[in-house]
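**Student:** Below is the file coords.cif, which contains mmCIF, C-alpha atoms.
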data_protein
loop_
_atom_site.label_atom_id
_atom_site.label_comp_id
_atom_site.auth_asym_id
_atom_site.auth_seq_id
_atom_site.Cartn_x
_atom_site.Cartn_y
_atom_site.Cartn_z
CA MET A 1 0.00 0.00 0.00
CA VAL A 2 1.23 3.47 -0.84
CA THR A 3 1.45 5.77 2.15
CA SER A 4 2.53 9.31 2.87
CA LEU A 5 6.04 9.61 4.23
CA LEU A 6 5.87 11.91 7.22
CA SER A 7 7.89 10.72 10.23
CA SER A 8 11.58 11.50 10.49
CA ASP A 9 12.37 7.80 10.09
CA ASP A 10 10.27 7.72 6.88
CA LEU A 11 12.17 10.71 5.55
CA ARG A 12 15.53 9.20 6.47
CA GLN A 13 14.65 6.02 4.56
CA ALA A 14 13.32 8.05 1.63
CA ARG A 15 16.54 10.02 1.36
CA ALA A 16 18.62 6.85 1.54
CA LEU A 17 16.58 5.11 -1.17
CA VAL A 18 16.61 8.14 -3.47
CA GLU A 19 20.36 8.61 -3.12
CA GLU A 20 21.06 4.88 -3.47
CA SER A 21 19.33 5.08 -6.85
CA GLY A 22 21.68 7.79 -8.05
CA LEU A 23 19.15 10.63 -7.77
CA SER A 24 19.42 13.66 -5.57
CA TYR A 25 17.08 14.12 -2.67
CA GLU A 26 15.44 17.47 -3.38
CA PRO A 27 12.79 18.82 -1.09
CA PRO A 28 10.43 20.66 -1.10
CA CYS A 29 7.58 18.42 -2.21
CA ASP A 30 3.81 18.75 -2.19
CA ASP A 31 3.50 14.99 -1.77
CA LEU A 32 6.05 12.41 -0.70
CA VAL A 33 4.84 8.82 -0.77
CA GLY A 34 6.26 5.35 -0.58
CA ILE A 35 5.64 1.64 -0.16
CA PHE A 36 6.91 -0.38 2.81
CA LEU A 37 7.58 -4.11 2.88
CA SER A 38 8.33 -5.49 6.37
CA ARG A 39 8.83 -1.92 7.62
CA ARG A 40 11.48 -1.23 5.00
CA LEU A 41 10.87 1.42 2.37
CA VAL A 42 11.10 -0.23 -1.06
CA ALA A 43 9.63 2.45 -3.33
CA VAL A 44 9.45 6.22 -3.14
CA GLY A 45 8.22 9.13 -5.21
CA ALA A 46 7.37 12.80 -4.82
CA ARG A 47 5.39 15.54 -6.51
CA ARG A 48 6.16 19.22 -6.62
CA GLY A 49 3.41 21.04 -8.49
CA ARG A 50 3.13 19.34 -11.87
CA VAL A 51 6.50 17.66 -11.63
CA LEU A 52 6.97 14.13 -10.34
CA LYS A 53 10.43 13.51 -8.96
CA MET A 54 12.65 11.31 -6.79
CA LEU A 55 10.99 8.18 -8.16
CA ALA A 56 13.00 5.18 -7.00
CA VAL A 57 12.49 1.47 -6.38
CA ALA A 58 14.88 -0.55 -4.21
CA GLN A 59 17.23 -3.06 -5.83
CA GLY A 60 15.63 -6.48 -5.80
CA HIS A 61 12.12 -5.05 -5.99
CA GLN A 62 12.32 -3.64 -9.48
CA GLY A 63 10.40 -5.02 -12.42
CA GLY A 64 7.14 -5.37 -10.50
CA SER A 65 4.34 -2.89 -10.10
CA LEU A 66 5.78 -0.76 -7.28
CA LEU A 67 6.68 2.17 -9.53
CA ASP A 68 3.22 2.03 -11.14
CA GLU A 69 1.60 2.15 -7.70
CA VAL A 70 3.66 5.12 -6.58
CA VAL A 71 2.97 7.07 -9.78
CA THR A 72 -0.75 6.21 -9.58
CA GLU A 73 -0.87 7.63 -6.07
CA LEU A 74 1.00 10.81 -7.01
CA VAL A 75 -1.15 11.40 -10.09
CA GLY A 76 -4.35 10.73 -8.11
CA ARG A 77 -3.36 13.15 -5.35
CA GLY A 78 -2.23 15.77 -7.85
CA PHE A 79 -5.50 15.45 -9.74
CA GLN A 80 -7.35 16.16 -6.47
CA GLU A 81 -5.33 19.36 -6.25
CA GLY A 82 -6.55 20.35 -9.71
CA ILE A 83 -3.52 19.31 -11.76
CA ASP A 84 -4.34 17.31 -14.88
CA SER A 85 -0.98 16.97 -16.56
CA PHE A 86 2.24 15.72 -14.97
CA PHE A 87 5.89 15.90 -15.94
CA ILE A 88 8.91 13.74 -15.29
CA PHE A 89 12.56 14.49 -15.96
CA THR A 90 14.61 11.39 -16.35
CA ALA A 91 17.68 9.98 -18.03
CA PRO A 92 17.01 9.32 -21.74
CA GLY A 93 17.60 5.61 -21.12
CA GLN A 94 14.76 5.53 -18.56
CA ALA A 95 12.24 7.21 -20.86
CA THR A 96 10.74 3.95 -22.13
CA SER A 97 9.88 2.73 -18.65
CA PHE A 98 7.64 5.80 -18.28
CA GLU A 99 6.31 5.54 -21.82
CA ARG A 100 4.98 2.17 -20.71
CA LEU A 101 2.85 4.08 -18.17
CA ASN A 102 1.44 6.23 -20.98
CA PHE A 103 3.84 9.10 -20.46
CA ASN A 104 4.66 10.89 -23.73
CA LEU A 105 8.17 12.00 -24.55
CA LEU A 106 8.13 15.78 -25.11
CA ALA A 107 11.82 16.45 -25.62
CA SER A 108 15.13 14.77 -25.09
CA THR A 109 18.72 15.96 -24.96
CA GLY A 110 21.74 13.71 -24.63
CA LYS A 111 21.52 14.03 -20.85
CA SER A 112 17.88 14.39 -19.94
CA ALA A 113 14.39 13.60 -21.19
CA LEU A 114 11.12 15.36 -20.39
CA LEU A 115 7.95 13.29 -20.42
CA GLU A 116 4.34 14.20 -19.79
CA TYR A 117 1.36 12.25 -18.54
CA GLY A 118 -2.11 13.58 -19.27
CA ASP A 119 -1.93 14.58 -22.91
CA GLY A 120 -1.68 18.25 -21.90
CA LEU A 121 0.45 19.41 -24.83
CA ARG A 122 -1.99 18.04 -27.38
CA ARG A 123 -4.88 19.65 -25.52
CA TYR A 124 -2.98 22.95 -25.34
CA LEU A 125 -2.34 22.91 -29.09
CA ALA A 126 -5.94 21.92 -29.82
CA ARG A 127 -7.23 24.74 -27.62
CA HIS A 128 -5.37 27.28 -29.74
CA GLN A 129 -6.46 25.79 -33.05
CA PRO A 130 -9.02 28.57 -33.67
CA GLN A 131 -6.30 31.24 -33.34
CA MET A 132 -4.06 29.63 -35.93
CA ARG A 133 -3.39 31.56 -39.12
CA PRO A 134 -2.35 30.04 -42.44
CA GLY A 135 1.10 30.63 -43.88
CA VAL A 136 4.58 30.81 -42.47
CA SER A 137 4.80 32.70 -39.20
CA GLY A 138 7.18 34.10 -36.65
CA ALA A 139 7.08 33.91 -32.88
CA VAL A 140 8.07 35.91 -29.84
CA VAL A 141 8.01 34.46 -26.34
CA ALA A 142 7.95 37.11 -23.64
CA ASN A 143 7.06 37.53 -19.99
CA CYS A 144 6.29 41.28 -20.18
CA ASN A 145 6.54 41.98 -16.47
CA PRO A 146 5.39 44.70 -17.21
CA PHE A 147 5.00 45.44 -20.94
CA THR A 148 7.57 48.07 -21.99
CA LEU A 149 8.47 50.13 -25.06
CA GLY A 150 11.27 47.61 -25.52
CA HIS A 151 8.74 44.78 -25.92
CA ARG A 152 6.65 46.90 -28.24
CA TYR A 153 9.68 47.73 -30.39
CA LEU A 154 10.69 44.07 -30.65
CA ILE A 155 7.16 43.03 -31.56
CA GLU A 156 6.75 45.80 -34.14
CA GLN A 157 10.05 44.90 -35.79
CA ALA A 158 9.19 41.21 -35.79
CA ALA A 159 5.63 41.72 -37.04
CA ALA A 160 6.90 43.90 -39.89
CA SER A 161 9.16 41.15 -41.20
CA VAL A 162 6.73 38.21 -41.22
CA GLU A 163 3.26 37.55 -42.55
CA HIS A 164 2.00 36.64 -39.14
CA LEU A 165 3.42 36.81 -35.63
CA TYR A 166 2.44 34.67 -32.67
CA LEU A 167 3.17 36.39 -29.40
CA PHE A 168 3.40 33.88 -26.58
CA VAL A 169 3.00 35.46 -23.16
CA VAL A 170 4.54 33.43 -20.33
CA ARG A 171 1.72 31.86 -18.34
CA GLU A 172 3.70 31.08 -15.20
CA GLU A 173 2.65 32.99 -12.09
CA LYS A 174 6.14 33.65 -10.80
CA SER A 175 6.38 37.31 -11.68
CA LEU A 176 5.40 40.55 -9.95
CA PHE A 177 2.49 41.12 -12.35
CA PRO A 178 -0.09 38.33 -12.58
CA PHE A 179 -0.59 36.67 -15.96
CA ASP A 180 -4.00 38.29 -16.52
CA CYS A 181 -2.54 41.77 -16.08
CA ARG A 182 0.49 41.05 -18.26
CA PHE A 183 -1.70 39.55 -20.97
CA ARG A 184 -3.97 42.62 -20.89
CA MET A 185 -1.05 45.06 -21.03
CA VAL A 186 0.39 43.19 -24.02
CA GLY A 187 -3.01 43.14 -25.72
CA GLU A 188 -3.51 46.88 -25.27
CA GLY A 189 0.06 47.67 -26.29
CA THR A 190 -0.06 45.65 -29.52
CA CYS A 191 -3.65 46.13 -30.71
CA HIS A 192 -2.41 48.52 -33.43
CA LEU A 193 -0.69 45.56 -35.12
CA GLY A 194 -3.07 43.65 -37.35
CA ASN A 195 -0.94 40.54 -37.85
CA VAL A 196 -0.17 39.66 -34.23
CA THR A 197 -1.96 36.90 -32.33
CA LEU A 198 -1.63 36.63 -28.57
CA LEU A 199 -1.30 33.20 -26.99
CA ASP A 200 -0.30 31.95 -23.59
CA THR A 201 2.60 29.53 -23.18
CA SER A 202 0.80 27.31 -20.68
CA CYS A 203 3.61 25.28 -19.08
CA TYR A 204 5.27 24.46 -22.40
CA ALA A 205 7.69 27.39 -22.74
CA VAL A 206 9.61 29.36 -20.13
CA SER A 207 7.68 27.78 -17.28
CA SER A 208 8.73 26.48 -13.89
CA VAL A 209 8.60 23.06 -15.55
CA THR A 210 10.66 23.71 -18.66
CA PHE A 211 12.92 26.53 -17.48
CA PRO A 212 12.79 27.04 -13.70
CA THR A 213 16.02 29.02 -13.50
CA TYR A 214 14.47 31.82 -15.56
CA PHE A 215 12.54 32.72 -12.44
CA LEU A 216 15.40 32.11 -10.02
CA LYS A 217 17.94 34.17 -11.95
CA GLU A 218 20.95 32.45 -10.52
CA GLY A 219 23.44 29.84 -11.53
CA ASP A 220 22.18 26.28 -11.34
CA PRO A 221 23.97 23.37 -13.04
CA GLY A 222 20.62 21.71 -13.91
CA GLY A 223 19.42 24.95 -15.45
CA GLU A 224 21.31 24.60 -18.69
CA ILE A 225 19.90 21.15 -19.45
CA GLN A 226 16.36 22.28 -18.73
CA MET A 227 16.83 25.37 -20.87
CA GLU A 228 17.79 23.03 -23.71
CA LEU A 229 14.67 20.92 -23.15
CA ASP A 230 12.57 24.09 -23.25
CA LEU A 231 14.00 25.02 -26.64
CA LEU A 232 13.82 21.50 -28.09
CA LEU A 233 10.18 21.31 -27.03
CA PHE A 234 9.53 24.60 -28.78
CA ALA A 235 11.33 23.62 -31.97
CA GLY A 236 10.09 20.04 -32.02
CA ARG A 237 6.45 20.38 -31.04
CA ILE A 238 5.21 23.97 -30.84
CA ALA A 239 6.87 25.59 -33.87
CA PRO A 240 5.83 22.87 -36.35
CA HIS A 241 2.23 23.02 -35.12
CA PHE A 242 1.95 26.79 -35.68
CA HIS A 243 4.22 26.76 -38.78
CA ILE A 244 6.69 29.02 -37.02
CA ALA A 245 9.83 29.51 -39.12
CA THR A 246 11.45 32.32 -37.14
CA ARG A 247 11.78 33.05 -33.45
CA PHE A 248 12.57 36.65 -32.60
CA VAL A 249 14.39 37.60 -29.47
CA GLY A 250 15.78 40.80 -28.01
CA SER A 251 19.53 41.01 -27.42
CA GLU A 252 20.33 40.58 -23.75
CA PRO A 253 23.07 42.81 -22.34
CA LEU A 254 21.89 42.63 -18.72
CA CYS A 255 20.72 39.26 -17.42
CA ARG A 256 23.09 36.27 -17.57
CA THR A 257 20.36 33.65 -17.52
CA THR A 258 18.52 35.21 -20.45
CA ALA A 259 21.77 35.74 -22.34
CA ALA A 260 22.56 32.03 -21.94
CA TYR A 261 19.03 31.21 -23.13
CA ASN A 262 19.58 33.33 -26.24
CA ALA A 263 22.90 31.62 -26.92
CA ALA A 264 21.27 28.19 -26.58
CA MET A 265 18.54 29.35 -28.95
CA HIS A 266 21.13 30.16 -31.66
CA ARG A 267 22.73 26.76 -31.12
CA LEU A 268 19.64 24.54 -30.98
CA LEU A 269 16.83 26.02 -33.06
CA PRO A 270 18.33 26.46 -36.55
CA PRO A 271 19.24 22.75 -36.96
CA LEU A 272 15.56 22.00 -36.23
CA GLY A 273 14.32 24.39 -38.88
CA VAL A 274 13.59 27.47 -36.79
CA GLU A 275 15.61 30.54 -37.70
CA VAL A 276 16.60 32.79 -34.78
CA ARG A 277 16.70 36.53 -35.27
CA GLU A 278 18.18 38.54 -32.44
CA LEU A 279 17.12 42.17 -32.57
CA GLN A 280 19.08 44.96 -30.94
CA ARG A 281 17.32 46.09 -27.76
CA LYS A 282 15.76 49.52 -27.84
CA GLU A 283 17.58 52.03 -25.65
CA ARG A 284 16.33 55.00 -23.72
CA LEU A 285 18.45 57.37 -21.64
CA GLY A 286 21.64 55.48 -22.37
CA ALA A 287 20.59 51.96 -21.41
CA ALA A 288 18.53 49.13 -22.83
CA ILE A 289 14.88 49.28 -21.84
CA SER A 290 14.10 46.37 -19.57
CA ALA A 291 11.16 45.35 -17.45
CA SER A 292 13.42 44.96 -14.44
CA ARG A 293 14.48 48.59 -14.81
CA VAL A 294 10.80 49.58 -14.89
CA ARG A 295 10.10 47.60 -11.71
CA GLU A 296 13.13 49.18 -10.04
CA LEU A 297 11.80 52.66 -10.87
CA LEU A 298 8.29 51.74 -9.73
CA PHE A 299 9.54 50.60 -6.34
CA ARG A 300 11.41 53.88 -5.96
CA GLY A 301 8.26 55.75 -6.92
CA GLU A 302 9.91 57.41 -9.94
CA ILE A 303 6.86 57.54 -12.14
CA GLU A 304 8.36 60.04 -14.62
CA GLY A 305 11.18 57.58 -15.24
CA VAL A 306 8.68 54.77 -15.76
CA ALA A 307 6.73 56.90 -18.23
CA GLU A 308 9.87 57.13 -20.40
CA LEU A 309 10.08 53.36 -20.73
CA VAL A 310 6.53 52.07 -21.12
CA PRO A 311 3.74 52.78 -23.61
CA GLU A 312 0.79 54.88 -22.50
CA SER A 313 -1.46 51.84 -22.14
CA THR A 314 0.96 50.21 -19.66
CA LEU A 315 1.38 53.47 -17.73
CA GLU A 316 -2.38 53.79 -17.45
CA PHE A 317 -2.59 50.30 -16.01
CA LEU A 318 0.32 50.87 -13.60
CA LEU A 319 -1.32 53.99 -12.23
CA SER A 320 -4.81 52.46 -11.98
CA GLY A 321 -6.06 51.22 -8.64
CA GLU A 322 -5.53 47.63 -9.73
CA GLY A 323 -2.02 48.32 -11.00
CA ARG A 324 -0.93 50.28 -7.92
CA LYS A 325 -2.02 47.47 -5.63
CA ILE A 326 0.55 45.24 -7.33
CA TRP A 327 3.68 47.36 -7.00
CA ASP A 328 2.89 49.97 -4.38
CA LYS A 329 3.56 47.94 -1.28
CA GLY A 330 7.25 48.40 -0.90
CA GLU A 331 7.79 44.72 -1.57
CA ARG A 332 10.24 43.25 -4.05
CA ARG A 333 9.87 40.15 -6.09
CA MET B 1 -26.50 11.34 -16.33
CA LYS B 2 -24.39 14.46 -16.16
CA ILE B 3 -20.74 14.72 -15.10
CA MET B 4 -20.85 17.22 -12.26
CA LYS B 5 -17.29 17.25 -11.02
CA LYS B 6 -13.70 16.29 -11.75
CA VAL B 7 -13.06 12.70 -10.74
CA GLN B 8 -10.59 9.93 -11.37
CA ALA B 9 -10.72 6.14 -11.09
CA GLY B 10 -8.36 3.28 -11.78
CA THR B 11 -4.59 2.90 -11.69
CA LEU B 12 -1.54 3.12 -13.93
CA GLN B 13 -0.74 -0.53 -13.42
CA SER B 14 -0.43 -3.06 -16.17
CA SER B 15 -3.78 -4.54 -17.37
CA ASP B 16 -5.60 -1.60 -15.82
CA LEU B 17 -6.58 1.88 -16.90
CA MET B 18 -6.98 5.33 -15.42
CA VAL B 19 -10.16 7.28 -16.13
CA PHE B 20 -10.46 11.05 -15.72
CA LEU B 21 -13.81 12.80 -16.04
CA GLU B 22 -14.47 16.52 -16.08
CA PRO B 23 -17.58 18.61 -16.68
CA ALA B 24 -17.57 20.23 -20.13
CA GLU B 25 -19.95 21.82 -22.61
CA THR B 26 -19.46 19.12 -25.22
CA LEU B 27 -18.51 15.47 -25.18
CA THR B 28 -14.87 14.67 -25.85
CA VAL B 29 -13.23 11.28 -25.42
CA THR B 30 -9.48 10.89 -25.62
CA ILE B 31 -7.82 7.53 -25.28
CA GLU B 32 -4.15 6.86 -24.79
CA SER B 33 -3.11 3.26 -24.67
CA THR B 34 -0.02 1.17 -24.91
CA VAL B 35 -2.08 -1.05 -27.24
CA LEU B 36 -3.84 1.75 -29.11
CA LYS B 37 -2.87 0.44 -32.53
CA GLN B 38 -4.27 -3.02 -31.88
CA PHE B 39 -7.27 -2.25 -29.67
CA GLY B 40 -8.00 1.47 -29.94
CA GLU B 41 -11.24 0.88 -31.82
CA LEU B 42 -12.49 -1.71 -29.34
CA ILE B 43 -11.67 0.48 -26.34
CA ARG B 44 -13.50 3.38 -27.95
CA ALA B 45 -16.53 1.21 -28.73
CA LYS B 46 -16.71 0.00 -25.14
CA VAL B 47 -16.41 3.53 -23.78
CA ASP B 48 -19.13 4.81 -26.13
CA GLN B 49 -21.36 1.94 -25.13
CA VAL B 50 -21.05 2.70 -21.40
CA LEU B 51 -21.54 6.43 -21.95
CA ALA B 52 -24.62 5.77 -24.06
CA ARG B 53 -26.10 3.42 -21.49
CA HIS B 54 -25.82 6.16 -18.86
CA GLY B 55 -27.01 8.87 -21.20
CA VAL B 56 -23.80 10.90 -20.81
CA GLU B 57 -23.94 13.61 -23.45
CA THR B 58 -21.37 16.11 -22.22
CA GLY B 59 -18.05 15.96 -20.42
CA ALA B 60 -14.35 15.57 -21.04
CA ILE B 61 -13.36 11.92 -20.75
CA ARG B 62 -9.71 10.96 -20.73
CA ILE B 63 -8.48 7.40 -20.53
CA THR B 64 -4.97 6.04 -20.27
CA ASP B 65 -4.97 2.32 -20.72
CA ARG B 66 -2.35 -0.37 -20.27
CA GLY B 67 -4.07 -3.25 -21.91
CA ALA B 68 -7.14 -3.60 -19.67
CA LEU B 69 -9.78 -6.17 -20.60
CA ASP B 70 -13.16 -4.87 -21.68
CA TYR B 71 -14.92 -5.58 -18.38
CA ALA B 72 -12.16 -3.72 -16.55
CA ILE B 73 -12.73 -0.74 -18.84
CA GLU B 74 -16.46 -0.93 -18.13
CA ALA B 75 -15.95 -1.20 -14.36
CA ARG B 76 -13.48 1.70 -14.14
CA LEU B 77 -15.65 3.96 -16.27
CA GLU B 78 -18.80 3.05 -14.30
CA THR B 79 -16.96 3.81 -11.06
CA ALA B 80 -15.77 7.17 -12.34
CA LEU B 81 -19.27 8.03 -13.59
CA SER B 82 -20.90 7.28 -10.28
CA ARG B 83 -18.27 9.37 -8.48
CA ALA B 84 -18.79 12.22 -10.93
CA THR B 85 -22.51 12.32 -10.24
CA GLU B 86 -22.39 11.90 -6.44
CA VAL B 87 -23.76 14.85 -4.54
#
Would you put the structure from the file into structure tokens?

**Tutor:**
Amino acid sequence: MVTSLLSSDDLRQARALVEESGLSYEPPCDDLVGIFLSRRLVAVGARRGRVLKMLAVAQGHQGGSLLDEVVTELVGRGFQEGIDSFFIFTAPGQATSFERLNFNLLASTGKSALLEYGDGLRRYLARHQPQMRPGVSGAVVANCNPFTLGHRYLIEQAAASVEHLYLFVVREEKSLFPFDCRFRMVGEGTCHLGNVTLLDTSCYAVSSVTFPTYFLKEGDPGGEIQMELDLLLFAGRIAPHFHIATRFVGSEPLCRTTAAYNAAMHRLLPPLGVEVRELQRKERLGAAISASRVRELLFRGEIEGVAELVPESTLEFLLSGEGRKIWDKGERR
Amino acid sequence: MKIMKKVQAGTLQSSDLMVFLEPAETLTVTIESTVLKQFGELIRAKVDQVLARHGVETGAIRITDRGALDYAIEARLETALSRATEV
């Protein structure tokens, strides 16, 4: 029977089993479960949000149904929490053992594979079917936290050079401005462009699943591999679906994580048929316009400075009651 | 019978299936199976038959199957349906 692992002895055994299996024991988890045989932990698994991790079965107990039971329990509990699609990162050699459980391989590098259970990617693509436009298109993926003149410049330049532009706004709620507000700001700031379609990325691009370090903004050895999976998923599954031939990106002089992401984009996307065009960032007052600079100015209450860097529609939102509530609390995120 | 809430039944073990039901405006059935090529049609027919018997006309039905026999499919789906309509 699968049970929650709660006591300190449970946790000690869980750590031992996970590390014995060559994985790293990485709390925090939303669920940590396992199976005991004669009071010894023989299988373990955990869930953090949509990601299943630390799945391990003791030597001598492999080949049976223990892994299936653990994954069933984690999926069932996650579903109760409202999650309907689950991800696993594993070694490419292990991918088939999860494919047997009806996990689908989303992307694979030499070092790591990303699989999904729940058919979420197909449902995501199907959901956006009505917004698809015929012909060869371009794409921009952006967080827009908040939407700046820099974003608008990049999107205008990109839209002018393709028939149609898909603008993917990062869905993940890890930024100062909630997705709804960002999506609205982008919509208002780009409504003068007739050939731009707004979409959300769901968890399939720049999300805490595919690219967690984007939100941490610090060095992490696992980050590079996941960044590669993010891009391979885009080039392998998303771009072909929307007939995206070009991905546009702003040059990144400021943030190391984003600069590394851009470099990986140049390396990985062209061989898979997606051209990468890096556009020079728009400057104002001697420095590249960036959303982080806007947030910095907001926190210092320098509204005139903000007004220099964002379009009128964004400024209006920032100064509205709803907008103020987000940034005017002296808190930093 | 109307699917009133999100429910799940079954397991990911071999010879079993997992059924997920959700309220929706229209009826959609998606089936993933390790034996989809060989038995996809039969699984679909069994699912349609159970849904028809219960008069289920709307809802999102997702099934992931690992080679369950037809009566297992029926039992799991029936279980999920009665959970989905519990008050």

**Student:** Quick one: residues within 10 Å of Arg247 in chain A, all atoms listed in the file counted, chain neighbours fewer than 3 positions away excluded, as a PyMOL selection string?

**Tutor:** chain A and resi 137-141+158+165-166+234-235+239+244+265-266+269-270+274-278

**Student:** Please tabulate, as a tab-separated table, the residues of chain B that come within 7 Å of chain A, each with its closest pair of atoms and the distance in Å to one decimal, counting only C-alpha atoms and ordering rows by chain, then residue number upward.

**Tutor:**
residue	atom	partner	partner_atom	distance
B:Thr11	CA	A:Thr72	CA	5.5
B:Leu12	CA	A:Thr72	CA	5.4
B:Gln13	CA	A:Asp68	CA	5.2
B:Glu32	CA	A:Asn102	CA	6.8
B:Ser33	CA	A:Asn102	CA	6.6
B:Thr34	CA	A:Asn102	CA	6.6
B:Thr64	CA	A:Asn102	CA	6.5

**Student:** On this structure, the PyMOL selection byres ((chain B and resi 28) around 8) would catch which residues? List them as an MDAnalysis selection string, sorted by chain and number.

**Tutor:** chainID B and resid 26:27 29:30 58:61

**Student:** Identify which of the residues A:Leu74, A:Phe168, A:Ser24, A:Ala43 lies closest to Gln62 in chain A, counting all atoms listed in the file when measuring atom-to-atom distances.

**Tutor:**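 For Gln62 in chain A, the nearest of the given residues is A:Ala43.
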
**Student:** Carefully work through the PyMOL selection byres ((chain B and resi 7) around 7) for this structure and note down the residues it includes, as a ChimeraX atom specification.

**Tutor:** /B:5-6,8-9,20-22,80,83-84

**Student:** Can you list, as number ranges by chain, the residues that the PyMOL selection byres ((chain A and resi 14) around 12) selects here?

**Tutor:** A: 4-13, 15-21, 23-27, 32-36, 40-46, 54-58

**Student:** Find the distance between CA of Leu309 in chain A and CA of Glu296 in chain A and write it in Å to one decimal.

**Tutor:**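 One can read the CA of Leu309 in chain A to CA of Glu296 in chain A distance as 11.9 Å.
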
**Student:** One decimal, Å: what's the distance from CA of Glu41 in chain B over to CA of Ala72 in chain B, could you say?

**Tutor:**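 That distance, rounded to one decimal, is 16.0 Å.
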
**Student:** Please list, as a short mmCIF file (atom, residue, chain, number, x, y, z; two decimals) with C-alpha atoms, in the frame of the given file, the residues that have an atom at most 9 Å away from (-11.0, -2.2, -24.6) in the coordinates of this file, counting only C-alpha atoms.

**Tutor:**
data_model
loop_
_atom_site.label_atom_id
_atom_site.label_comp_id
_atom_site.auth_asym_id
_atom_site.auth_seq_id
_atom_site.Cartn_x
_atom_site.Cartn_y
_atom_site.Cartn_z
CA PHE B 39 -7.27 -2.25 -29.67
CA GLY B 40 -8.00 1.47 -29.94
CA GLU B 41 -11.24 0.88 -31.82
CA LEU B 42 -12.49 -1.71 -29.34
CA ILE B 43 -11.67 0.48 -26.34
CA ARG B 44 -13.50 3.38 -27.95
CA ALA B 45 -16.53 1.21 -28.73
CA LYS B 46 -16.71 0.00 -25.14
CA VAL B 47 -16.41 3.53 -23.78
CA ASP B 65 -4.97 2.32 -20.72
CA GLY B 67 -4.07 -3.25 -21.91
CA ALA B 68 -7.14 -3.60 -19.67
CA LEU B 69 -9.78 -6.17 -20.60
CA ASP B 70 -13.16 -4.87 -21.68
CA TYR B 71 -14.92 -5.58 -18.38
CA ALA B 72 -12.16 -3.72 -16.55
CA ILE B 73 -12.73 -0.74 -18.84
CA GLU B 74 -16.46 -0.93 -18.13
#

**Student:** Could you check how far CA of Arg237 in chain A sits from CA of Ala107 in chain A, in Å to one decimal?

**Tutor:** 8.6 Å

**Student:** Please return, as a PyMOL selection string, all polymer residues that have at least one atom within 12 Å of the point (9.3, 48.5, -10.3); use all atoms listed in the file and the file's own coordinate frame.

**Tutor:** chain A and resi 145-148+175-177+290-303+305-307+309-310+315+318+323-324+326-333

**Student:** Name the residues in contact with Val56 in chain B at a cut-off of 6 Å, using all atoms listed in the file, excluding same-chain residues fewer than 4 positions from it; report them as a list of chain:residue names.

**Tutor:** B:Met1, B:Lys2, B:Leu51
